[in-house]
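Visitor: This is the structure I have questions about; it appears just below.
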Amino acid sequence: RDPKPLPLPLLVPGLPVALMVLGAQTSAGGDGVFPPGDVLFGHFLGEGWVDVFAMSTLAVIGFVSYLSVKRFWAALQSTVPADTPRGPLSKALRGTLGDVLSHRNFGDCKTAHPRMWAHLGLFYGFLGLTAATSGAFIYTQVFPRIGIDHHDGLLSLPIWDPVKIVGNVGGVALLAGLAQTMWVRLKRPQESGKSAYSDWFFSGLLGLTAVTGFVTEILRYAQARTGAYVAYVVHLVFIFGLFVYFPFSKFSHAMYRTAALAFARQVGRVTSTAPSREAPSGPRPEAQPHHRHTGG
């Protein structure tokens with residue numbers, strides 16, 4: 001929440017990426033820092049290295065997130081008497097996820113209404129990028145193990161590949177949503193509310209992840225070998241940053257708000273969602289399941 005130690009938040013995700021690059025280069029067999037020939041990220045940094053480091057990081061962050069949301073859920077339960085009737089959690093989750101995916105009633109909140117389309121772009125853009133990342137993992141790690149040869153198992157896909165199309169569309173949607181969100185924050189602060197440093201940190205991290213991804217893609221298609229590989233490493237730092245700071249940044253809004261709305265449904269407080277206030281921005285739970293939107 002404080003901009004003064006900004007280099008430190010960059011070093012935290014930068015360290016595993018640096019170790020990953022060092023390990024891959026050490027085992028490269030003398031091809032040099034930037035392998036000759038076509039720009040293929042699998043030749044520079046094998047997909048196995050990326051997957052091992054990424055899955056290890058996700059495992060740690062997943063465990064931390066589980067502990068945080070578990071504590072948050074317990075705090076929510078304490079806000080109502082123990083004998084309060086509770087509906088099935090599975091039904092509450094289904095209803096909540098339906099509202100989240102459709103953004104139903106998002107416009108009911110006058111404060112949030114100007115950002116509805118921006119939020120849709122961010123939300124579905126990120127889902128598209130997540131789907132593309134999952135598709136790339138299937139291409140490089142699952143298909144080879146079941147005998148399917150797809151682009152020789154390489155991560156560097158042609159522009160017409162479905163996974164690449166989904167990723168590019170998702171990236172454009174995310175950047176468009178982010179641009180509108182930031183415009184509203186700057187030009188219409190009375191409607192967006194006061195933006196704290198933590199808001200800008202998450203927006204900046206998300207935007208830089210998308211921008212460096214497009215830069216990396218463009219440089220690869222241009223066969224700008226040095227630039228493409230350097231951009232790829234920088235892109236990985238921002239990706240790992242999103243992973244590492246999920247439980248602590250505004251990104252945690254995804255799990256806290258979903259849990260709060262599911263709780264509200266379970267105890268019968270609401271039957272449909274309307275964005276009122278935002279989830280806590282850190283791992284510490286708050287008792288009330290209402291959240292203030294701060295623009296993204």
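Naming works like this for the structure tokens: A, B, ... for the chains as they're shown, residue 1 at the start of each chain, ligands 1 onward in shown order.
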Write out as an NGL selection string all residues of region 47-277 of chain A that DSSP puts in helix (DSSP H, G or I) for this structure's backbone.

Guide: :A and (47-77 or 89-102 or 106-108 or 113-146 or 151-153 or 162-187 or 189-192 or 197-221 or 225-244 or 250-266)

Visitor: Excluding Phe123 (chain A) and residues on its chain fewer than 3 positions from it, collect all residues at most 9 Å away from it, counting only C-alpha atoms, and give them as JSON, numbers by chain.

Guide: {"A": [101, 118, 119, 120, 126, 127, 128, 173, 174, 177]}

Visitor: Could you save those same residues with C-alpha atoms as a compact mmCIF listing (two decimals), in the first residue's frame?

Guide:
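That gives us out_18.txt:
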```txt
# COMPACT_ATOMS: atom_id res chain seq x y z
CA LEU A 101 -20.29 -14.57 -14.91
CA ALA A 118 -14.82 -1.78 -18.27
CA HIS A 119 -15.32 -4.44 -15.63
CA LEU A 120 -16.73 -6.81 -18.25
CA PHE A 126 -8.60 -12.15 -18.02
CA LEU A 127 -10.67 -15.32 -18.44
CA GLY A 128 -9.60 -15.39 -22.10
CA ALA A 173 -10.52 -6.82 -24.09
CA LEU A 174 -8.49 -6.55 -20.89
CA GLY A 177 -11.44 -2.40 -19.96
```

Visitor: Determine, using only C-alpha atoms, which residues of region 31-69 of chain A have any atom at most 10 Å from an atom of region 253-272 of chain A, and tabulate each with its shortest atom pair and distance in Å to one decimal place, rows ordered by chain and then rising number, as a tab-separated table.

Guide:
```
residue	atom	partner	partner_atom	distance
A:Ser65	CA	A:Met255	CA	8.3
A:Tyr66	CA	A:Met255	CA	9.5
A:Ser68	CA	A:Tyr256	CA	8.9
A:Val69	CA	A:Tyr256	CA	6.6
```

Visitor: Find the residues near region 3-20 of chain A: any atom within 6 Å, counting only C-alpha atoms, skip ones fewer than 5 places away on the same chain, and give them as a list in words.

Guide: Val237, Phe240 and Gly241 of chain A

Visitor: Please produce a file of those selected residues containing N, CA and C atoms, as an mmCIF file, in the first residue's frame.

Guide:
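What follows is the written file part.cif:
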```
data_model
loop_
_atom_site.group_PDB
_atom_site.id
_atom_site.type_symbol
_atom_site.label_atom_id
_atom_site.label_comp_id
_atom_site.auth_asym_id
_atom_site.auth_seq_id
_atom_site.Cartn_x
_atom_site.Cartn_y
_atom_site.Cartn_z
ATOM 1 N N VAL A 237 8.116 -11.921 -15.496
ATOM 2 C CA VAL A 237 8.187 -11.273 -14.184
ATOM 3 C C VAL A 237 6.819 -10.715 -13.797
ATOM 4 N N PHE A 240 4.380 -13.623 -13.016
ATOM 5 C CA PHE A 240 4.628 -14.152 -11.674
ATOM 6 C C PHE A 240 4.184 -13.153 -10.618
ATOM 7 N N GLY A 241 4.269 -11.867 -10.926
ATOM 8 C CA GLY A 241 3.786 -10.858 -9.996
ATOM 9 C C GLY A 241 2.289 -10.998 -9.741
#
```
